[in-house]
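Okay, query03.txt is below, compact mmCIF, C-alpha atoms:
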```
# COMPACT_ATOMS: atom_id res chain seq x y z
CA SER A 1 5.75 -11.92 -8.08
CA ARG A 2 4.67 -10.82 -11.57
CA ARG A 3 2.03 -8.54 -10.09
CA TYR A 4 4.64 -6.84 -7.93
CA MET A 5 6.90 -6.38 -10.96
CA ALA A 6 3.99 -4.80 -12.85
CA SER A 7 3.37 -2.40 -9.96
CA ARG A 8 7.04 -1.37 -10.08
CA PHE A 9 7.33 -1.09 -13.87
CA SER A 10 9.44 2.09 -13.93
CA GLU A 11 11.94 0.55 -11.50
CA VAL A 12 12.00 -2.94 -13.02
CA VAL A 13 12.86 -1.74 -16.55
CA LEU A 14 15.97 0.01 -15.21
CA GLN A 15 17.36 -3.13 -13.62
CA PRO A 16 20.14 -5.11 -15.38
CA SER A 17 18.00 -8.26 -15.04
CA PHE A 18 15.35 -6.67 -17.28
CA LEU A 19 17.81 -6.64 -20.16
CA GLN A 20 18.43 -10.37 -19.67
CA LEU A 21 14.80 -11.37 -20.20
CA SER A 22 14.08 -13.69 -23.08
CA LEU A 23 11.80 -12.51 -25.87
CA SER A 24 8.89 -14.60 -24.59
CA GLN A 25 9.36 -13.36 -21.01
CA LEU A 26 9.42 -9.76 -22.18
CA GLN A 27 6.29 -10.23 -24.27
CA LEU A 28 4.40 -11.71 -21.32
CA PHE A 29 5.47 -8.75 -19.19
CA LEU A 30 4.53 -6.09 -21.75
CA ASP A 31 1.16 -7.76 -22.45
CA ARG A 32 -0.06 -7.11 -18.90
CA ASP A 33 -2.97 -4.73 -18.28
CA ASP A 34 -1.79 -3.94 -14.74
CA LEU A 35 1.49 -2.22 -15.65
CA ILE A 36 1.83 0.88 -13.49
CA THR A 37 3.24 3.37 -15.97
CA HIS A 38 2.33 6.94 -16.84
CA SER A 39 1.96 6.36 -20.58
CA GLU A 40 2.25 3.78 -23.33
CA ASP A 41 5.34 5.66 -24.51
CA ASP A 42 7.11 4.37 -21.38
CA VAL A 43 6.31 0.80 -22.45
CA VAL A 44 7.68 1.50 -25.93
CA HIS A 45 10.92 2.93 -24.55
CA ALA A 46 11.33 -0.09 -22.26
CA ALA A 47 11.04 -2.39 -25.29
CA LEU A 48 13.54 -0.29 -27.26
CA ARG A 49 15.96 -0.35 -24.33
CA TRP A 50 15.82 -4.15 -24.34
CA VAL A 51 16.51 -4.20 -28.09
CA LYS A 52 19.36 -1.68 -27.84
CA PHE A 53 21.18 -3.83 -25.27
CA ASN A 54 21.99 -6.33 -28.01
CA ARG A 55 20.80 -4.61 -31.15
CA GLU A 56 22.51 -6.90 -33.64
CA LYS A 57 20.59 -9.95 -32.42
CA ARG A 58 17.44 -8.34 -31.07
CA ILE A 59 16.42 -5.84 -33.73
CA GLN A 60 14.79 -8.70 -35.65
CA HIS A 61 12.39 -9.13 -32.70
CA LEU A 62 11.07 -5.56 -32.85
CA PRO A 63 8.02 -6.48 -35.00
CA ALA A 64 7.13 -9.23 -32.50
CA LEU A 65 7.43 -6.80 -29.59
CA CYS A 66 5.14 -4.32 -31.31
CA ARG A 67 2.31 -6.81 -30.92
CA SER A 68 2.53 -6.10 -27.16
CA LEU A 69 2.38 -2.32 -27.65
CA ARG A 70 -0.98 -0.52 -27.72
CA HIS A 71 -0.95 1.77 -30.73
CA SER A 72 -4.02 3.75 -29.67
CA PHE A 73 -2.14 5.19 -26.69
CA ILE A 74 1.29 5.82 -28.25
CA THR A 75 2.05 9.45 -29.13
CA SER A 76 2.79 10.25 -32.77
CA LYS A 77 6.36 11.29 -31.90
CA THR A 78 7.15 7.98 -30.20
CA CYS A 79 5.39 6.05 -32.95
CA LYS A 80 7.63 7.65 -35.58
CA GLU A 81 10.70 6.87 -33.47
CA LEU A 82 9.63 3.25 -33.17
CA GLU A 83 8.89 2.80 -36.86
CA SER A 84 12.21 4.41 -37.83
CA LYS A 85 13.96 1.52 -36.07
CA CYS A 86 12.10 -1.18 -37.97
CA PRO A 87 14.65 -3.56 -39.53
CA SER A 88 12.81 -3.56 -42.88
CA ARG A 89 11.24 -0.51 -44.51
CA LYS A 90 9.02 -2.81 -46.54
CA ARG A 91 7.56 -4.49 -43.48
CA LYS A 92 4.73 -2.72 -41.72
CA LEU A 93 4.68 -2.97 -37.93
CA VAL A 94 1.58 -4.58 -36.45
CA TYR A 95 0.55 -3.49 -32.97
CA SER A 96 -1.68 -4.91 -30.26
CA ASN A 97 -5.37 -4.44 -30.99
CA SER A 98 -6.12 -3.89 -27.30
CA LYS A 99 -8.09 -0.72 -26.57
CA THR A 100 -7.59 -1.07 -22.82
CA GLN A 101 -5.34 1.40 -21.05
CA ARG A 102 -2.79 0.05 -18.62
CA GLN A 103 -3.83 0.29 -15.01
CA GLY A 104 -1.25 2.97 -14.24
CA GLN A 105 -2.62 5.17 -17.03
CA MET A 106 -6.14 5.23 -15.58
CA ARG A 107 -5.37 7.54 -12.69
CA ARG A 108 -7.86 9.57 -10.71
CA GLU A 109 -7.47 12.43 -8.33
CA ALA A 110 -8.48 11.74 -4.74
CA LEU A 111 -8.65 13.73 -1.53
CA ILE A 112 -6.87 12.00 1.38
CA PHE A 113 -7.75 13.04 4.93
CA PHE A 114 -4.84 11.91 7.07
CA LYS A 115 -6.14 13.74 10.14
CA ASP A 116 -9.37 11.74 10.13
CA ILE A 117 -7.89 8.30 10.76
CA PHE A 118 -10.36 5.52 11.60
CA LYS A 119 -10.34 1.80 12.39
CA TYR A 120 -10.85 -0.43 9.34
CA SER A 121 -13.96 -2.58 9.85
CA ALA A 122 -13.67 -4.66 13.02
CA GLY A 123 -9.93 -5.20 12.69
CA GLN A 124 -7.01 -3.23 14.02
CA ASP A 125 -5.87 -1.74 10.72
CA ARG A 126 -5.98 2.03 10.74
CA CYS A 127 -7.03 3.89 7.62
CA ALA A 128 -7.20 7.41 6.26
CA PRO A 129 -10.43 8.17 4.38
CA CYS A 130 -10.03 8.94 0.67
CA PHE A 131 -12.69 10.69 -1.39
CA ASP A 132 -12.88 10.02 -5.14
CA PRO A 133 -14.84 12.97 -6.64
CA ALA A 134 -15.28 11.26 -10.02
CA ALA A 135 -16.95 8.21 -8.49
CA ASP A 136 -18.42 10.07 -5.50
CA THR A 137 -17.01 7.31 -3.29
CA VAL A 138 -15.11 7.17 0.00
CA TYR A 139 -12.71 4.32 0.68
CA GLY A 140 -9.97 3.63 3.22
CA MET A 141 -6.21 3.91 2.67
CA LYS A 142 -4.50 1.50 5.07
CA LEU A 143 -1.74 3.04 7.18
CA PRO A 144 1.35 1.45 8.75
CA PRO A 145 0.65 -0.11 12.18
CA ASN A 146 1.30 1.70 15.48
CA LEU A 147 1.01 5.10 13.85
CA HIS A 148 1.91 7.97 16.18
CA GLY A 149 2.91 10.98 14.12
CA PHE A 150 4.09 11.43 10.57
CA SER A 151 4.69 13.71 7.60
CA VAL A 152 3.54 12.96 4.07
CA THR A 153 4.73 14.22 0.69
CA VAL A 154 3.86 13.53 -2.94
CA THR A 155 6.28 13.78 -5.88
CA PRO A 156 5.56 15.19 -9.37
CA GLN A 157 5.39 11.53 -10.50
CA ASP A 158 2.47 10.99 -8.06
CA ASP A 159 4.49 8.81 -5.70
CA LEU A 160 3.32 9.13 -2.10
CA TYR A 161 5.80 8.93 0.80
CA MET A 162 5.37 8.86 4.58
CA ALA A 163 8.26 9.81 6.85
CA GLY A 164 8.88 9.54 10.57
CA GLY A 165 6.69 8.80 13.52
CA VAL A 166 5.70 5.31 12.44
CA ASN A 167 6.69 3.85 15.75
CA GLU A 168 6.40 0.58 17.60
CA PRO A 169 5.40 0.87 21.29
CA TYR A 170 7.73 -0.38 23.99
CA TRP A 171 6.78 -1.11 27.59
CA VAL A 172 8.04 0.57 30.76
CA ASP A 173 7.36 -0.05 34.44
CA GLU A 174 5.69 3.07 35.79
CA PHE A 175 4.52 2.90 39.43
CA ASN A 176 4.59 -0.93 39.25
CA GLY A 177 2.35 -0.95 36.24
CA ASP A 178 3.29 -1.52 32.63
CA LYS A 179 2.23 1.27 30.29
CA PRO A 180 2.96 1.57 26.59
CA LYS A 181 5.16 4.38 25.36
CA ILE A 182 6.00 5.37 21.84
CA GLY A 183 9.64 5.23 20.80
CA PRO A 184 10.84 7.40 17.90
CA GLN A 185 11.90 5.56 14.77
CA LYS A 186 13.45 6.57 11.47
CA ALA A 187 10.89 4.79 9.32
CA PHE A 188 10.28 5.78 5.70
CA PHE A 189 7.50 4.34 3.51
CA LYS A 190 6.31 4.49 -0.08
CA TYR A 191 2.66 3.85 -0.92
CA ASN A 192 1.76 1.07 -3.35
CA HIS A 193 -1.70 2.09 -4.55
CA LEU A 194 -2.13 -1.14 -6.51
CA LEU A 195 -1.91 -3.24 -3.34
CA ASN A 196 -3.09 -0.50 -0.93
CA THR A 197 -0.01 -0.99 1.26
CA TRP A 198 2.85 1.12 2.57
CA GLU A 199 6.17 -0.45 1.62
CA PRO A 200 9.21 0.26 3.83
CA ARG A 201 12.22 2.00 2.33
CA CYS A 202 15.67 2.72 3.80
CA GLU A 203 15.43 4.41 7.18
CA MET A 204 16.13 8.12 7.51
CA ALA A 205 19.34 9.35 9.16
CA THR A 206 17.32 10.92 11.98
CA PRO A 207 13.65 10.60 13.02
CA ARG A 208 11.30 13.33 11.85
CA VAL A 209 8.98 12.90 14.83
CA SER A 210 10.04 12.32 18.44
```
The structure given in the file should be rewritten as structure tokens.
Amino acid sequence: SRRYMASRFSEVVLQPSFLQLSLSQLQLFLDRDDLITHSEDDVVHAALRWVKFNREKRIQHLPALCRSLRHSFITSKTCKELESKCPSRKRKLVYSNSKTQRQGQMRREALIFFKDIFKYSAGQDRCAPCFDPAADTVYGMKLPPNLHGFSVTVTPQDDLYMAGGVNEPYWVDEFNGDKPKIGPQKAFFKYNHLLNTWEPRCEMATPRVS
């Protein structure tokens, strides 16, 4: 979906299919408020990458693309780079008049308490409480189902990963009675904070938790 593409902006712009977008498709994509990107410079560089793929035919569309770029949030260095590529020195580039930051640029720090897992409302979803100091609010981060044990890490790009111990129970006959046991898996997840979901990635070679 378009919302999913927006939440994966940094990955989508590196795909060959991104370079095959039409001008109108690209403009619709770059106009979105919910792009998850660290800065408006990233949006500029994505547009320039699209132009560079077929510069001879696409450089004429650079002024049109600038109308999707939010000048207020572009650094002076990137702005100079962009304007140096303008096909006509006599033509002034016109940018979007939007003063709204993209969703990915409005990040807040939060404290996540993975050891204090609780049930979400009356359902079976399990959540870790998150505290937002700026808003003085606590909300729940949904966790993968059948959680047993896990390890969590965060990258310098603020991507959150969960590894190992996300296991599905299997049943065994113990003294003529079925009892659930937890089987180790090699699960690996990445957190999508836009959708508040953990998205599965390729399994690990060996489980981290047994």
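Using all atoms listed in the file, the protein and nucleic acid residues lying at most 8 Å from the point (9.9, 2.4, 3.1) are Ala187, Phe188, Phe189, Lys190, Trp198, Glu199, Pro200, Arg201, Cys202 and Glu203 of chain A.
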Could you make a table, as CSV, of the residues of range 81-148 of chain A that have an atom within 12 Å of an atom of range 51-59 of chain A, each with its nearest atom pair and distance in Å to one decimal, counting all atoms listed in the file, in chain and number order?
```
residue,atom,partner,partner_atom,distance
A:Leu82,CA,A:Val51,CA,11.3
A:Glu83,CA,A:Ile59,CA,11.9
A:Ser84,CA,A:Ile59,CA,11.8
A:Lys85,CA,A:Ile59,CA,8.1
A:Cys86,CA,A:Ile59,CA,7.6
A:Pro87,CA,A:Ile59,CA,6.5
A:Ser88,CA,A:Ile59,CA,10.1
```
Would you mind exporting the chosen residues as a PDB file, in the coordinates of the input, restricted to C-alpha atoms?
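Saved the output as selection12.pdb:
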```
ATOM      1  CA  LEU A  82       9.630   3.250 -33.170  1.00  0.00           C
ATOM      2  CA  GLU A  83       8.890   2.800 -36.860  1.00  0.00           C
ATOM      3  CA  SER A  84      12.210   4.410 -37.830  1.00  0.00           C
ATOM      4  CA  LYS A  85      13.960   1.520 -36.070  1.00  0.00           C
ATOM      5  CA  CYS A  86      12.100  -1.180 -37.970  1.00  0.00           C
ATOM      6  CA  PRO A  87      14.650  -3.560 -39.530  1.00  0.00           C
ATOM      7  CA  SER A  88      12.810  -3.560 -42.880  1.00  0.00           C
TER       8      SER A  88
END
```
Go through A:Pro133, A:Ala47, A:Thr153, A:Pro63 one by one, measure the shortest atom-to-atom distance of each to Tyr95 in chain A using all atoms listed in the file, and give the residue with the smallest value.
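Comparing A:Pro133, A:Ala47, A:Thr153, A:Pro63 against Tyr95 in chain A, the winner is A:Pro63.
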Ranking A:Arg3, A:His71, A:Arg108, A:Lys115 by minimum distance to Asp34 in chain A and counting only C-alpha atoms, which one comes first?
A:Arg3
From the set A:Lys90, A:Gln101, A:Leu14, A:Ala163, which residue has the shortest atom-to-atom contact distance to Thr37 in chain A, counting all atoms listed in the file?
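Under the stated criterion, the closest residue is A:Gln101.
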From CA of Ser10 in chain A to CA of Leu69 in chain A the spacing works out at 16.0 Å
Gap from CA of Phe114 in chain A to CA of Arg102 in chain A - Å, one decimal:
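According to the coordinates, CA of Phe114 in chain A and CA of Arg102 in chain A are separated by 28.4 Å.
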So the first atom is CA of Glu40 in chain A and the second is CA of Ser17 in chain A; what is the distance between them in Å, to one decimal place?
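Atom-to-atom, CA of Glu40 in chain A to CA of Ser17 in chain A, that is 21.5 Å.
Surrounding residues of (11.3, -13.4, -29.4) at most 8 Å away are Ser22, Leu23, Ser24, Gln27, His61, Ala64 and Leu65 of chain A (based on all atoms listed in the file).
Proximity ranking of A:Ser1, A:Thr137, A:Ser39, A:Thr206 relative to Thr75 in chain A places A:Ser39 first, based on all atoms listed in the file.
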With all atoms listed in the file as the counted atoms, please give the residues lying no more than 6 Å from Pro129 in chain A, apart from itself and same-chain residues fewer than 2 positions off, as a list in words.
Phe113, Tyr139 and Gly140 of chain A
Find the residue from A:Ala128, A:Gln60, A:Tyr4, A:Ser68 that sits nearest to Gln25 in chain A; use all atoms listed in the file when measuring.
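The closest residue to Gln25 in chain A is A:Ser68.
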Residue nearest Asn192 in chain A among A:Ser7, A:Ser72, A:Ser98, A:Gln157 (counting only C-alpha atoms)
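Of A:Ser7, A:Ser72, A:Ser98, A:Gln157, the one nearest Asn192 in chain A is A:Ser7, counting only C-alpha atoms.
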Please list as a list in words every residue within 8 Å of Phe9 in chain A, counting only C-alpha atoms and excluding residues in the same chain fewer than 4 positions away.
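The filter keeps Met5, Val13, Leu35, Ile36 and Thr37 of chain A.
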Would you kindly place N, CA and C atoms on range 38-49 of chain A and return the model as a PDB file, in the frame of the given file?
```pdb
ATOM      1  N   HIS A  38       3.053   5.707 -16.545  1.00  0.00           N
ATOM      2  CA  HIS A  38       2.330   6.940 -16.840  1.00  0.00           C
ATOM      3  C   HIS A  38       1.748   6.950 -18.252  1.00  0.00           C
ATOM      4  N   SER A  39       2.434   6.319 -19.192  1.00  0.00           N
ATOM      5  CA  SER A  39       1.960   6.360 -20.580  1.00  0.00           C
ATOM      6  C   SER A  39       2.451   5.140 -21.339  1.00  0.00           C
ATOM      7  N   GLU A  40       1.824   4.890 -22.479  1.00  0.00           N
ATOM      8  CA  GLU A  40       2.250   3.780 -23.330  1.00  0.00           C
ATOM      9  C   GLU A  40       3.623   4.054 -23.928  1.00  0.00           C
ATOM     10  N   ASP A  41       3.991   5.314 -24.027  1.00  0.00           N
ATOM     11  CA  ASP A  41       5.340   5.660 -24.510  1.00  0.00           C
ATOM     12  C   ASP A  41       6.411   5.045 -23.610  1.00  0.00           C
ATOM     13  N   ASP A  42       6.146   4.969 -22.306  1.00  0.00           N
ATOM     14  CA  ASP A  42       7.110   4.370 -21.380  1.00  0.00           C
ATOM     15  C   ASP A  42       7.300   2.886 -21.697  1.00  0.00           C
ATOM     16  N   VAL A  43       6.226   2.219 -22.092  1.00  0.00           N
ATOM     17  CA  VAL A  43       6.310   0.800 -22.450  1.00  0.00           C
ATOM     18  C   VAL A  43       7.132   0.637 -23.719  1.00  0.00           C
ATOM     19  N   VAL A  44       6.910   1.530 -24.684  1.00  0.00           N
ATOM     20  CA  VAL A  44       7.680   1.500 -25.930  1.00  0.00           C
ATOM     21  C   VAL A  44       9.169   1.678 -25.650  1.00  0.00           C
ATOM     22  N   HIS A  45       9.512   2.662 -24.837  1.00  0.00           N
ATOM     23  CA  HIS A  45      10.920   2.930 -24.550  1.00  0.00           C
ATOM     24  C   HIS A  45      11.572   1.792 -23.784  1.00  0.00           C
ATOM     25  N   ALA A  46      10.796   1.084 -22.958  1.00  0.00           N
ATOM     26  CA  ALA A  46      11.330  -0.090 -22.260  1.00  0.00           C
ATOM     27  C   ALA A  46      11.675  -1.179 -23.275  1.00  0.00           C
ATOM     28  N   ALA A  47      10.793  -1.393 -24.249  1.00  0.00           N
ATOM     29  CA  ALA A  47      11.040  -2.390 -25.290  1.00  0.00           C
ATOM     30  C   ALA A  47      12.268  -2.022 -26.122  1.00  0.00           C
ATOM     31  N   LEU A  48      12.388  -0.744 -26.464  1.00  0.00           N
ATOM     32  CA  LEU A  48      13.540  -0.290 -27.260  1.00  0.00           C
ATOM     33  C   LEU A  48      14.845  -0.406 -26.458  1.00  0.00           C
ATOM     34  N   ARG A  49      14.764  -0.199 -25.173  1.00  0.00           N
ATOM     35  CA  ARG A  49      15.960  -0.350 -24.330  1.00  0.00           C
ATOM     36  C   ARG A  49      16.429  -1.805 -24.340  1.00  0.00           C
TER      37      ARG A  49
END
```
